[in-house]
$ cat start14.cif   # mmCIF, C-alpha atoms
data_structure
#
loop_
_atom_site.label_atom_id
_atom_site.label_comp_id
_atom_site.auth_asym_id
_atom_site.auth_seq_id
_atom_site.Cartn_x
_atom_site.Cartn_y
_atom_site.Cartn_z
CA TYR A 1 125.77 92.99 110.36
CA TYR A 2 122.90 92.17 112.67
CA PRO A 3 123.31 88.86 114.39
CA GLN A 4 120.57 86.29 114.62
CA ASP A 5 120.23 83.98 117.57
CA SER A 6 122.83 81.68 116.10
CA PRO A 7 126.31 81.82 117.61
CA PRO A 8 128.42 84.62 116.24
CA PRO A 9 130.60 83.79 113.26
CA ALA A 10 134.31 83.64 113.79
CA GLY A 11 136.58 85.90 111.80
CA PRO A 12 137.95 89.39 111.78
CA ARG A 13 134.65 90.89 110.63
CA GLY A 14 132.57 88.78 112.96
CA SER A 15 129.98 90.91 114.71
CA PRO A 16 129.43 89.20 118.05
CA ALA A 17 125.96 89.21 119.49
CA LEU A 18 127.32 89.52 123.00
CA PRO A 19 130.82 90.14 124.19
CA VAL A 20 131.99 87.01 125.92
CA PRO A 21 130.98 87.37 129.56
CA ALA A 22 133.22 84.60 130.78
CA VAL A 23 136.35 86.56 129.88
CA PRO A 24 137.50 88.33 133.06
CA PRO A 25 138.14 92.06 132.76
CA ASP A 26 141.59 92.98 131.67
CA PRO A 27 143.46 93.57 134.94
CA SER A 28 145.98 95.80 133.20
CA ALA A 29 143.14 98.06 132.15
CA ALA A 30 142.10 98.55 135.75
CA LEU A 31 145.68 99.05 136.90
CA ARG A 32 146.62 101.32 134.04
CA PRO A 33 145.91 104.92 134.97
CA PRO A 34 143.39 106.71 132.79
CA GLY A 35 145.99 108.42 130.66
CA ARG A 36 147.27 107.90 127.14
CA SER A 37 147.65 104.24 126.39
CA VAL A 38 150.62 103.79 124.08
CA ALA A 39 150.09 101.23 121.30
CA PRO A 40 152.64 98.44 120.91
CA SER A 41 153.89 100.02 117.70
CA GLY A 42 154.61 103.22 119.58
CA GLY A 43 154.27 106.76 118.36
CA ARG A 44 151.40 107.86 116.17
CA PRO A 45 150.81 105.40 113.34
CA ALA A 46 149.40 106.44 109.99
CA PRO A 47 145.80 105.40 109.35
CA PRO A 48 146.26 101.69 108.74
CA ALA A 49 144.20 99.14 106.83
CA LEU A 50 141.56 97.17 108.62
CA SER A 51 143.72 94.13 109.13
CA GLY A 52 146.68 96.24 110.25
CA PRO A 53 147.49 97.46 113.76
CA ALA A 54 144.62 98.82 115.81
CA PRO A 55 143.95 102.57 115.72
CA HIS A 56 145.64 104.49 118.44
CA TYR A 57 143.04 105.13 121.10
CA THR A 58 143.71 108.15 123.19
CA SER A 59 142.59 108.91 126.68
CA HIS A 60 139.39 110.67 125.73
CA ARG A 61 138.21 107.64 123.82
CA ALA A 62 138.96 105.42 126.82
CA SER A 63 137.18 107.78 129.15
CA LEU A 64 134.22 107.94 126.75
CA ARG A 65 133.95 104.20 126.84
CA ALA A 66 134.34 104.17 130.60
CA LEU A 67 131.43 106.53 131.00
CA LEU A 68 129.05 105.30 128.38
CA SER A 69 129.66 101.66 127.73
CA LEU A 70 127.83 99.00 129.67
CA VAL A 71 129.75 96.13 128.13
CA GLY A 72 130.53 93.13 130.32
CA ALA A 73 133.41 94.27 132.51
CA SER A 74 132.37 94.54 136.11
CA ARG A 75 135.15 96.85 137.23
CA LEU A 76 135.26 100.11 135.32
CA VAL A 77 137.18 103.18 136.15
CA TYR A 78 134.90 106.19 136.14
CA VAL A 79 136.88 109.10 134.87
CA THR A 80 135.41 112.42 135.83
CA SER A 81 137.51 115.06 134.25
CA GLY A 82 136.40 118.54 133.49
CA LEU A 83 137.76 118.35 129.97
CA LEU A 84 135.42 115.53 129.04
CA PRO A 85 132.81 117.40 126.99
CA ALA A 86 135.35 119.07 124.72
CA THR A 87 137.29 115.84 124.27
CA MET A 88 134.09 113.92 123.68
CA LEU A 89 133.22 116.43 121.02
CA ALA A 90 136.64 116.00 119.44
CA ALA A 91 136.37 112.23 119.58
CA LEU A 92 132.86 112.28 118.14
CA ARG A 93 133.94 114.64 115.40
CA CYS A 94 136.85 112.45 114.44
CA ARG A 95 134.79 109.28 114.45
CA GLY A 96 133.06 110.91 111.56
CA SER A 97 130.10 108.61 111.60
CA CYS A 98 127.92 110.66 113.92
CA ARG A 99 126.51 114.00 112.95
CA VAL A 100 128.20 116.90 114.70
CA PRO A 101 126.77 120.26 113.64
CA ALA A 102 129.17 121.98 111.34
CA ALA A 103 128.78 125.28 113.14
CA VAL A 104 130.49 123.89 116.29
CA PRO A 105 134.27 124.29 115.98
CA ALA A 106 136.60 121.60 117.24
CA TRP A 107 138.34 124.08 119.48
CA SER A 108 138.08 127.76 120.07
CA PRO A 109 139.16 130.10 122.84
CA TRP A 110 135.54 130.60 123.75
CA LEU A 111 134.60 126.91 123.83
CA VAL A 112 135.45 126.15 127.44
CA PRO A 113 134.13 123.19 129.39
CA SER A 114 131.47 124.03 131.91
CA ARG A 115 133.03 121.93 134.67
CA GLY A 116 136.52 121.62 136.09
CA ARG A 117 138.87 123.28 138.52
CA LYS A 118 139.69 126.36 136.45
CA SER A 119 137.34 129.12 135.43
CA ARG A 120 137.33 130.67 131.99
CA HIS A 121 139.54 133.53 133.18
CA ASP A 122 142.36 131.26 134.40
CA PRO A 123 145.15 130.83 131.86
CA PRO A 124 146.18 127.36 130.73
CA ALA A 125 149.07 125.76 132.60
CA LYS A 126 152.64 126.20 131.42
CA SER A 127 152.98 122.47 130.96
CA LYS A 128 150.28 122.70 128.32
CA ALA A 129 152.01 125.45 126.34
CA SER A 130 153.55 123.01 123.88
CA ARG A 131 150.53 120.75 123.82
CA LEU A 132 149.41 119.93 120.34
CA LYS A 133 145.87 118.67 120.19
CA VAL A 134 145.73 115.96 117.59
CA PRO A 135 142.51 114.26 116.58
CA PRO A 136 142.50 110.48 116.85
CA PRO A 137 143.38 108.77 113.56
CA VAL A 138 140.55 107.38 111.50
CA ASP A 139 140.79 104.20 109.51
CA PRO A 140 138.97 104.90 106.22
CA ALA A 141 138.02 101.29 105.61
CA GLU A 142 136.63 100.94 109.10
CA LEU A 143 134.89 104.29 108.68
CA TYR A 144 133.18 103.06 105.55
CA VAL A 145 132.07 99.92 107.34
CA ILE A 146 130.79 101.98 110.26
CA THR A 147 128.90 104.34 107.96
CA GLU A 148 127.25 101.41 106.26
CA ARG A 149 126.30 99.91 109.61
CA TYR A 150 124.81 103.22 110.75
CA ARG A 151 122.79 103.50 107.58
CA GLN A 152 121.32 100.06 108.03
CA HIS A 153 120.75 100.66 111.71
CA ARG A 154 118.83 103.84 111.02
CA LEU A 155 116.82 102.11 108.32
CA VAL A 156 115.76 99.41 110.75
CA LEU A 157 114.99 101.99 113.43
CA SER A 158 112.75 103.99 111.14
CA ALA A 159 110.91 100.82 110.13
CA LEU A 160 110.42 99.93 113.78
CA ARG A 161 109.14 103.42 114.49
CA SER A 162 106.54 103.13 111.77
CA ILE A 163 105.44 99.76 113.18
CA PHE A 164 105.11 101.25 116.65
CA TRP A 165 103.19 104.23 115.32
CA SER A 166 100.71 101.96 113.57
CA GLU A 167 100.28 100.10 116.88
CA VAL A 168 99.61 103.37 118.68
CA VAL A 169 97.02 104.38 116.10
CA GLN A 170 95.39 100.99 116.30
CA LYS A 171 95.15 101.19 120.09
CA ARG A 172 93.67 104.65 119.90
CA GLN A 173 91.03 103.52 117.45
CA GLU A 174 90.20 100.50 119.60
CA VAL A 175 89.76 102.69 122.64
CA GLN A 176 87.58 105.07 120.70
CA ARG A 177 85.44 102.23 119.43
CA ASP A 178 85.07 100.74 122.89
CA THR A 179 84.12 104.01 124.58
CA GLU A 180 81.34 104.87 122.15
CA ASP A 181 78.05 102.87 122.40
CA SER A 182 78.03 101.26 119.00
CA ALA A 183 74.39 100.08 118.66
CA ALA A 184 72.65 103.32 119.60
CA LEU A 185 75.12 105.41 117.65
CA SER A 186 74.71 103.36 114.49
CA GLU A 187 70.90 103.56 114.84
CA GLU A 188 71.07 107.31 115.23
CA HIS A 189 73.47 107.47 112.31
CA ARG A 190 71.01 105.56 110.14
CA VAL A 191 68.09 107.75 111.11
CA LEU A 192 70.06 110.88 110.42
CA MET A 193 71.23 109.58 107.09
CA ALA A 194 67.63 108.73 106.11
CA TRP A 195 66.48 112.23 107.06
CA ASN A 196 69.35 113.67 105.09
CA ASP A 197 68.39 111.66 102.05
CA ALA A 198 64.77 112.80 102.31
CA GLU A 199 65.89 116.40 102.53
CA ASN A 200 68.11 115.95 99.52
CA ALA A 201 65.27 114.45 97.51
CA ARG A 202 62.96 117.30 98.42
CA GLN A 203 65.50 119.89 97.47
CA ARG A 204 66.17 118.10 94.25
CA ALA A 205 62.47 118.11 93.34
CA ARG A 206 62.21 121.83 94.05
CA ARG A 207 65.31 122.51 92.09
CA GLU A 208 64.10 120.58 89.09
CA GLU A 209 60.75 122.34 89.16
CA ARG A 210 62.45 125.69 89.23
CA ILE A 211 64.75 124.77 86.41
CA ARG A 212 61.87 123.53 84.29
CA LYS A 213 59.94 126.74 84.79
CA GLU A 214 62.95 128.80 83.92
CA GLU A 215 63.45 126.78 80.76
CA GLU A 216 59.91 127.41 79.65
CA GLU A 217 60.18 131.09 80.34
CA ARG A 218 63.39 131.27 78.42
CA LYS A 219 61.80 129.56 75.42
CA ILE A 220 58.85 131.94 75.43
CA ARG A 221 61.16 134.90 75.70
CA LYS A 222 63.25 133.65 72.86
CA LEU A 223 60.21 133.26 70.66
CA GLN A 224 59.07 136.73 71.55
CA ALA A 225 62.45 138.13 70.76
CA ALA A 226 62.49 136.41 67.41
CA GLU A 227 59.09 137.74 66.59
CA ASN A 228 60.09 141.25 67.58
CA LYS A 229 63.16 141.07 65.51
CA ALA A 230 61.19 139.92 62.55
CA LYS A 231 58.71 142.75 62.97
CA VAL A 232 61.40 145.32 63.30
CA MET A 233 63.08 143.97 60.25
CA GLU A 234 59.89 144.09 58.31
CA ALA A 235 59.21 147.71 59.29
CA PHE A 236 62.70 148.71 58.37
CA LEU A 237 62.39 147.02 55.02
CA LYS A 238 59.11 148.75 54.33
CA GLU A 239 60.60 152.11 55.14
CA LYS A 240 63.45 151.49 52.85
CA GLU A 241 61.05 150.39 50.12
CA LYS A 242 59.10 153.59 50.48
CA GLU A 243 62.23 155.67 50.28
CA VAL A 244 63.40 153.83 47.26
CA LEU A 245 60.10 154.38 45.52
CA GLN A 246 60.13 158.01 46.44
CA LEU A 247 63.62 158.40 45.12
CA GLN A 248 62.66 156.69 41.94
CA GLU A 249 59.83 159.14 41.60
CA GLU A 250 62.13 162.09 42.19
CA ALA A 251 64.70 160.71 39.79
CA LYS A 252 62.37 161.50 36.95
CA THR A 253 62.89 165.22 37.56
CA PHE A 254 66.67 165.08 37.95
CA ILE A 255 68.94 167.06 35.72
CA THR A 256 71.18 164.74 33.76
CA PRO A 257 73.89 165.59 31.22
CA GLU A 258 71.46 164.64 28.45
CA ASN A 259 68.66 167.05 29.36
CA LEU A 260 71.01 169.68 30.77
CA ASP A 261 70.74 171.96 27.81
CA ALA A 262 66.99 171.52 27.58
CA ARG A 263 66.52 172.36 31.24
CA ILE A 264 68.77 175.40 31.00
CA GLU A 265 66.75 176.64 28.04
CA GLU A 266 63.57 175.95 29.98
CA CYS A 267 64.80 177.91 33.02
CA LEU A 268 65.98 180.79 30.94
CA ASP A 269 62.65 180.83 29.13
CA ASN A 270 60.53 180.84 32.32
CA PRO A 271 62.09 183.24 34.77
CA ARG A 272 60.63 182.90 38.26
CA ASN A 273 60.62 185.50 40.90
CA TYR A 274 61.37 184.21 44.39
CA ASN A 275 61.25 187.59 46.09
CA PHE A 276 58.48 188.08 48.62
CA ALA A 277 57.94 189.85 51.83
CA ILE A 278 56.26 188.64 54.99
CA ASP A 279 55.11 190.48 58.02
CA LYS A 280 54.50 189.45 61.56
CA GLU A 281 50.92 188.45 60.95
CA GLY A 282 52.03 186.09 58.24
CA ARG A 283 50.71 187.97 55.27
CA ILE A 284 52.79 187.36 52.19
CA VAL A 285 53.35 190.04 49.68
CA LYS A 286 54.54 188.83 46.33
CA ARG A 287 54.76 192.20 44.62
CA THR A 288 58.02 193.87 45.57
CA ALA A 289 59.91 197.01 44.56
CA LEU A 290 62.35 195.01 42.41
CA SER A 291 59.81 193.35 40.15
CA ALA B 1 102.15 132.25 130.90
CA LEU B 2 99.89 131.44 133.81
CA PHE B 3 100.66 133.63 136.76
CA ALA B 4 100.44 131.11 139.53
CA GLY B 5 101.78 128.15 137.56
CA ARG B 6 104.52 129.96 135.70
CA GLY B 7 107.14 127.67 137.16
CA LEU B 8 105.10 124.58 136.34
CA LEU B 9 104.18 125.08 132.69
CA LYS B 10 107.20 125.70 130.51
CA ALA B 11 106.72 126.16 126.80
CA TYR B 12 109.73 125.50 124.58
CA ARG B 13 110.28 126.51 121.01
CA GLY B 14 111.32 123.48 119.01
CA GLY B 15 112.85 120.52 120.75
CA HIS B 16 111.65 116.98 120.68
CA VAL B 17 110.98 114.06 122.96
CA VAL B 18 114.05 112.04 123.91
CA ILE B 19 114.45 108.78 125.75
CA ARG B 20 117.56 109.18 127.83
CA PHE B 21 119.17 108.51 131.19
CA ALA B 22 118.56 110.86 134.09
CA LEU B 23 121.30 110.58 136.68
CA GLY B 24 120.39 110.19 140.31
CA GLY B 25 121.97 108.62 143.37
CA CYS B 26 124.79 109.89 145.55
CA THR B 27 128.49 110.49 145.40
CA ASN B 28 130.29 107.47 143.94
CA ARG B 29 126.91 105.79 143.59
CA PRO B 30 125.23 106.66 140.29
CA PHE B 31 121.79 105.45 139.37
CA TYR B 32 120.04 106.14 136.10
CA ARG B 33 116.36 106.44 135.34
CA ILE B 34 115.36 105.75 131.78
CA VAL B 35 113.09 108.62 131.05
CA ALA B 36 111.10 110.14 128.21
CA ALA B 37 111.58 113.90 128.44
CA HIS B 38 111.67 117.02 126.32
CA SER B 39 115.11 117.46 124.83
CA LYS B 40 115.52 120.98 126.19
CA ARG B 41 114.81 120.00 129.77
CA ALA B 42 117.60 119.61 132.28
CA ARG B 43 119.03 116.13 132.46
CA ASP B 44 117.49 115.48 135.88
CA GLY B 45 114.58 117.83 135.41
CA LYS B 46 110.92 117.32 134.79
CA TYR B 47 110.19 114.42 132.48
CA LEU B 48 107.14 113.16 130.67
CA GLU B 49 107.29 109.57 131.83
CA GLN B 50 109.72 107.18 133.44
CA LEU B 51 110.25 104.13 131.28
CA GLY B 52 112.68 102.21 133.45
CA CYS B 53 115.84 102.32 135.45
CA LEU B 54 119.43 101.24 135.20
CA ASP B 55 121.86 100.43 137.97
CA PRO B 56 125.34 100.79 136.46
CA LEU B 57 127.10 99.16 139.43
CA PRO B 58 126.95 95.37 139.50
CA ASN B 59 125.19 93.68 142.35
CA VAL B 60 126.28 90.84 144.61
CA HIS B 61 125.95 88.31 141.79
CA GLY B 62 127.86 90.44 139.34
CA GLU B 63 124.78 91.50 137.43
CA LYS B 64 123.85 94.92 136.20
CA VAL B 65 120.13 95.30 136.64
CA VAL B 66 117.94 97.13 134.16
CA GLY B 67 114.20 97.62 134.33
CA LEU B 68 112.28 98.49 131.16
CA ASN B 69 108.65 99.27 130.41
CA LEU B 70 108.59 97.95 126.86
CA GLU B 71 104.91 98.75 126.30
CA ARG B 72 105.42 102.43 126.94
CA LEU B 73 108.74 102.39 125.14
CA ARG B 74 106.99 101.20 122.02
CA HIS B 75 104.38 103.89 122.49
CA TRP B 76 106.93 106.66 122.80
CA LEU B 77 109.07 105.41 119.96
CA GLY B 78 105.98 105.18 117.82
CA CYS B 79 105.11 108.76 118.72
CA GLY B 80 108.51 109.86 117.44
CA ALA B 81 110.81 109.98 120.45
CA GLN B 82 114.54 110.09 119.76
CA LEU B 83 117.04 108.02 121.70
CA SER B 84 120.27 109.09 123.29
CA ARG B 85 123.36 107.11 122.31
CA PRO B 86 123.65 105.15 125.57
CA ALA B 87 119.91 104.46 125.53
CA GLU B 88 120.19 103.09 122.01
CA LYS B 89 123.11 100.90 123.02
CA LEU B 90 121.26 99.62 126.05
CA LEU B 91 118.12 98.73 124.14
CA GLY B 92 120.09 97.00 121.45
CA ARG B 93 121.69 94.55 123.83
CA CYS B 94 120.69 90.92 123.69
CA GLY B 95 118.18 90.12 126.35
CA ALA B 96 116.63 93.57 126.45
CA GLY B 97 113.66 92.16 124.61
CA LYS B 98 113.65 88.73 126.17
CA ARG B 99 113.55 89.71 129.80
CA SER B 100 113.35 92.83 131.88
CA ARG B 101 114.81 92.13 135.26
CA ARG B 102 112.90 93.21 138.28
CA GLY B 103 110.35 95.62 137.01
CA GLY B 104 108.51 96.91 133.98
CA SER B 105 105.94 94.97 132.02
CA ARG B 106 106.86 91.65 130.55
CA ARG B 107 106.25 90.71 126.94
CA SER B 108 106.73 87.07 126.26
CA ALA B 109 107.09 87.29 122.49
CA LEU B 110 108.11 90.52 120.85
CA PRO B 111 107.78 90.26 117.08
CA VAL B 112 110.31 92.99 116.49
CA ALA B 113 111.87 91.98 113.20
CA GLY B 114 113.13 88.78 114.77
CA LEU B 115 115.89 90.46 116.77
CA ALA B 116 117.08 89.37 120.17
CA GLY B 117 117.16 92.84 121.65
CA PHE B 118 114.40 95.42 121.65
CA LEU B 119 116.27 97.45 119.07
CA PRO B 120 118.99 96.29 116.70
CA LEU B 121 122.59 96.34 117.89
CA HIS B 122 124.18 99.72 117.78
CA PRO B 123 126.97 100.00 115.17
CA MET B 124 129.45 101.23 117.73
CA THR B 125 128.80 98.24 119.96
CA ILE B 126 129.76 95.93 117.13
CA THR B 127 132.68 98.12 116.16
CA ASN B 128 134.05 98.33 119.67
CA ALA B 129 133.72 94.60 120.13
CA GLU B 130 135.59 94.06 116.88
CA ARG B 131 138.34 96.40 117.94
CA LEU B 132 138.64 94.74 121.31
CA ARG B 133 138.88 91.37 119.73
CA ARG B 134 141.48 92.55 117.28
CA ARG B 135 143.54 94.12 120.02
CA ARG B 136 143.40 90.98 122.14
CA ARG B 137 144.40 88.83 119.22
CA ARG B 138 147.28 91.15 118.47
CA ALA B 139 148.33 91.05 122.12
CA GLN B 140 148.25 87.29 122.06
CA GLU B 141 150.26 87.19 118.86
CA ALA B 142 152.72 89.64 120.38
CA VAL B 143 153.11 87.38 123.42
CA VAL B 144 153.31 84.09 121.55
CA PRO B 145 156.06 84.76 118.94
CA PRO B 146 158.63 86.02 121.48
CA ALA B 147 157.91 82.91 123.55
CA GLU B 148 158.36 80.73 120.45
CA GLY B 149 161.44 82.66 119.39
CA GLY B 150 162.85 82.42 122.91
CA SER B 151 162.20 78.68 123.11
CA GLN B 152 163.58 78.12 119.58
CA ASP B 153 166.84 80.02 120.18
CA PRO B 154 167.99 77.87 123.11
CA GLY B 155 166.87 74.83 121.05
CA ALA B 156 168.93 76.04 118.05
CA ALA B 157 171.88 76.95 120.24
CA ALA B 158 171.68 73.61 121.94
#
$ encode --input "start14.cif" --output "structure tokens"
Amino acid sequence: YYPQDSPPPAGPRGSPALPVPAVPPDPSAALRPPGRSVAPSGGRPAPPALSGPAPHYTSHRASLRALLSLVGASRLVYVTSGLLPATMLAALRCRGSCRVPAAVPAWSPWLVPSRGRKSRHDPPAKSKASRLKVPPPVDPAELYVITERYRQHRLVLSALRSIFWSEVVQKRQEVQRDTEDSAALSEEHRVLMAWNDAENARQRARREERIRKEEEERKIRKLQAAENKAKVMEAFLKEKEKEVLQLQEEAKTFITPENLDARIEECLDNPRNYNFAIDKEGRIVKRTALS
Amino acid sequence: ALFAGRGLLKAYRGGHVVIRFALGGCTNRPFYRIVAAHSKRARDGKYLEQLGCLDPLPNVHGEKVVGLNLERLRHWLGCGAQLSRPAEKLLGRCGAGKRSRRGGSRRSALPVAGLAGFLPLHPMTITNAERLRRRRRRAQEAVVPPAEGGSQDPGAAA
């Protein structure tokens, strides 16, 4: 779709690089008043195919072109009508290819143009009572072609923008590099880096020393702990040994089912008197009234 | 806002930089300045930088004169400025990159993707040209057949 410097190809889909300047402006266009231009077919045709009759261009489209286009023709009629913004909006909306925000309605009683003879409080004219606003017809094939062209156009534009941005960045960096004094700055940079390295080395040495000392301490502490644990274990074991021995000793005097009878006989034979009295001074008196 | 310079420093919420036409001139004599401005500014209000001018009325030799500062245009476009529709169409025209008449900086060779204009052709330019061509062809065909038919009928009758 984008022409090179070669002459434009002929054909219905030919996209001319430049509209032919030698062709004089259509005199009928200048003479024709800026109103609705009726197509040769007459009436409102259905959306035709691309090769069919041209879409029916209404006055707002013509006035749009008159205002905005800078194509060849030297004599253009400048239409300044107060209804232009709303009609432009309608035309833009119906073109479909540009993005009109969805929140903006095509027409509403509150959407009044900001210029013109009438204010918002003046009622519309009686001649406009039966006016039916119809959007311009859209040729779907042409619309598809236009959409595709827009997509490619935007792609190229974004690529160009990125190129320009890289140029801007490059220029900025160049300027920065030129303003700073490169020799002195690099020297200073080197000196500072050397100092930084020395500092790092020193810190590293100190750090390693500290770590080594901590390691040694930890080892000593671990050894100590092990020793303590061993000692404690030993003591505990000894205690338990003693208890076991003692228990073994005491077990000799236990009453078991075997010597139960013998012990009972023995107790019955040797009665013992556990009664005694004691006074505050601690004197024990074994002889009591009961015995 | 600064007390003394309240009218000078305006801070907007949102908005973006646009390259568009600011209308000047007098009655029945428009004149556009191609301008990089904040999108929320008035059309003819304070702008960031003027990038050129456009005289929509043709001069004695039938030319429409446009001045462009392509250097700064590239800078602004690189910094993310949007373009208004007529500005896009203008920059896409052939010869916008080759020469800038009467003003602006000249660039002898613009390696812009090998295109003739500063920007690629706008889709609507191509579309409108196609439509015009089609309409003219149809007009010619409408004129020619009746002439042929008219000439043939007397020939057949005779």
$ atom_distance --input "start14.cif" --atom1 "CA of Gln173 in chain A" --atom2 "CA of His75 in chain B"
14.3 Å
$ residues_near_point --input "start14.cif" --point "(105.2, 111.7, 120.2)" --cutoff "10 Å" --atoms "only C-alpha atoms" --output "list in words"
Trp165 of chain A; His16, Val17, Val18, His75, Trp76, Leu77, Gly78, Cys79, Gly80, Ala81 and Gln82 of chain B
$ interface_residues --input "start14.cif" --of "chain B" --to "chain A" --cutoff "7 Å" --atoms "only C-alpha atoms" --output "PyMOL selection string"
chain B and resi 58+62+74-75+77-79+86+94+115-116+120-121+123+126+129-130+135
$ write_last_selection --input "start14.cif" --atoms "C-alpha atoms" --output "mmCIF file, in the frame of the given file"
data_model
loop_
_atom_site.group_PDB
_atom_site.id
_atom_site.type_symbol
_atom_site.label_atom_id
_atom_site.label_comp_id
_atom_site.auth_asym_id
_atom_site.auth_seq_id
_atom_site.Cartn_x
_atom_site.Cartn_y
_atom_site.Cartn_z
ATOM 1 C CA PRO B 58 126.950 95.370 139.500
ATOM 2 C CA GLY B 62 127.860 90.440 139.340
ATOM 3 C CA ARG B 74 106.990 101.200 122.020
ATOM 4 C CA HIS B 75 104.380 103.890 122.490
ATOM 5 C CA LEU B 77 109.070 105.410 119.960
ATOM 6 C CA GLY B 78 105.980 105.180 117.820
ATOM 7 C CA CYS B 79 105.110 108.760 118.720
ATOM 8 C CA PRO B 86 123.650 105.150 125.570
ATOM 9 C CA CYS B 94 120.690 90.920 123.690
ATOM 10 C CA LEU B 115 115.890 90.460 116.770
ATOM 11 C CA ALA B 116 117.080 89.370 120.170
ATOM 12 C CA PRO B 120 118.990 96.290 116.700
ATOM 13 C CA LEU B 121 122.590 96.340 117.890
ATOM 14 C CA PRO B 123 126.970 100.000 115.170
ATOM 15 C CA ILE B 126 129.760 95.930 117.130
ATOM 16 C CA ALA B 129 133.720 94.600 120.130
ATOM 17 C CA GLU B 130 135.590 94.060 116.880
ATOM 18 C CA ARG B 135 143.540 94.120 120.020
#
$ resolve_selection --input "start14.cif" --expression "the PyMOL selection byres ((chain B and resi 43) around 8)" --output "ChimeraX atom specification"
/B:21-23,41-42,44-45
$ resolve_selection --input "start14.cif" --expression "the PyMOL selection byres ((chain B and resi 91) around 10)" --output "list of chain:residue names"
B:Leu68, B:Leu70, B:Leu83, B:Pro86, B:Ala87, B:Glu88, B:Lys89, B:Leu90, B:Gly92, B:Arg93, B:Cys94, B:Gly95, B:Ala96, B:Gly97, B:Gly117, B:Phe118, B:Leu119, B:Pro120, B:Leu121, B:His122
$ axis_aligned_box --input "start14.cif" --around "range 32-42 of chain B" --padding-each-side "3 Å" --output "AutoDock Vina command-line options"
--center_x 115.6 --center_y 113.4 --center_z 130.5 --size_x 14.9 --size_y 21.2 --size_z 17.3
$ decode --input "start14.cif" --residues "range 41-53 of chain B" --atoms "N, CA and C atoms" --output "PDB file, in the first residue's frame"
ATOM      1  N   ARG B  41      -4.379  21.875  25.965  1.00  0.00           N
ATOM      2  CA  ARG B  41      -4.303  23.326  25.771  1.00  0.00           C
ATOM      3  C   ARG B  41      -5.308  23.749  24.714  1.00  0.00           C
ATOM      4  N   ALA B  42      -5.627  25.047  24.735  1.00  0.00           N
ATOM      5  CA  ALA B  42      -6.457  25.591  23.653  1.00  0.00           C
ATOM      6  C   ALA B  42      -5.703  25.450  22.345  1.00  0.00           C
ATOM      7  N   ARG B  43      -6.492  25.456  21.261  1.00  0.00           N
ATOM      8  CA  ARG B  43      -5.885  25.237  19.954  1.00  0.00           C
ATOM      9  C   ARG B  43      -4.822  26.280  19.664  1.00  0.00           C
ATOM     10  N   ASP B  44      -5.127  27.553  19.970  1.00  0.00           N
ATOM     11  CA  ASP B  44      -4.190  28.635  19.706  1.00  0.00           C
ATOM     12  C   ASP B  44      -3.452  29.065  20.953  1.00  0.00           C
ATOM     13  N   GLY B  45      -3.492  28.221  21.982  1.00  0.00           N
ATOM     14  CA  GLY B  45      -2.917  28.648  23.256  1.00  0.00           C
ATOM     15  C   GLY B  45      -1.431  28.382  23.321  1.00  0.00           C
ATOM     16  N   LYS B  46      -0.948  28.321  24.567  1.00  0.00           N
ATOM     17  CA  LYS B  46       0.481  28.191  24.788  1.00  0.00           C
ATOM     18  C   LYS B  46       0.956  26.838  24.290  1.00  0.00           C
ATOM     19  N   TYR B  47       2.049  26.845  23.555  1.00  0.00           N
ATOM     20  CA  TYR B  47       2.569  25.586  23.029  1.00  0.00           C
ATOM     21  C   TYR B  47       3.988  25.371  23.526  1.00  0.00           C
ATOM     22  N   LEU B  48       4.473  24.151  23.337  1.00  0.00           N
ATOM     23  CA  LEU B  48       5.810  23.818  23.782  1.00  0.00           C
ATOM     24  C   LEU B  48       6.855  24.320  22.794  1.00  0.00           C
ATOM     25  N   GLU B  49       6.578  24.091  21.501  1.00  0.00           N
ATOM     26  CA  GLU B  49       7.549  24.502  20.493  1.00  0.00           C
ATOM     27  C   GLU B  49       6.844  24.583  19.151  1.00  0.00           C
ATOM     28  N   GLN B  50       7.270  25.561  18.346  1.00  0.00           N
ATOM     29  CA  GLN B  50       6.722  25.642  17.000  1.00  0.00           C
ATOM     30  C   GLN B  50       7.633  24.866  16.060  1.00  0.00           C
ATOM     31  N   LEU B  51       7.031  23.952  15.308  1.00  0.00           N
ATOM     32  CA  LEU B  51       7.810  23.085  14.443  1.00  0.00           C
ATOM     33  C   LEU B  51       7.650  23.432  12.980  1.00  0.00           C
ATOM     34  N   GLY B  52       6.916  24.484  12.668  1.00  0.00           N
ATOM     35  CA  GLY B  52       6.755  24.837  11.271  1.00  0.00           C
ATOM     36  C   GLY B  52       5.501  25.632  11.067  1.00  0.00           C
ATOM     37  N   CYS B  53       5.195  25.862   9.797  1.00  0.00           N
ATOM     38  CA  CYS B  53       4.013  26.640   9.459  1.00  0.00           C
ATOM     39  C   CYS B  53       3.440  26.135   8.152  1.00  0.00           C
TER      40      CYS B  53
END
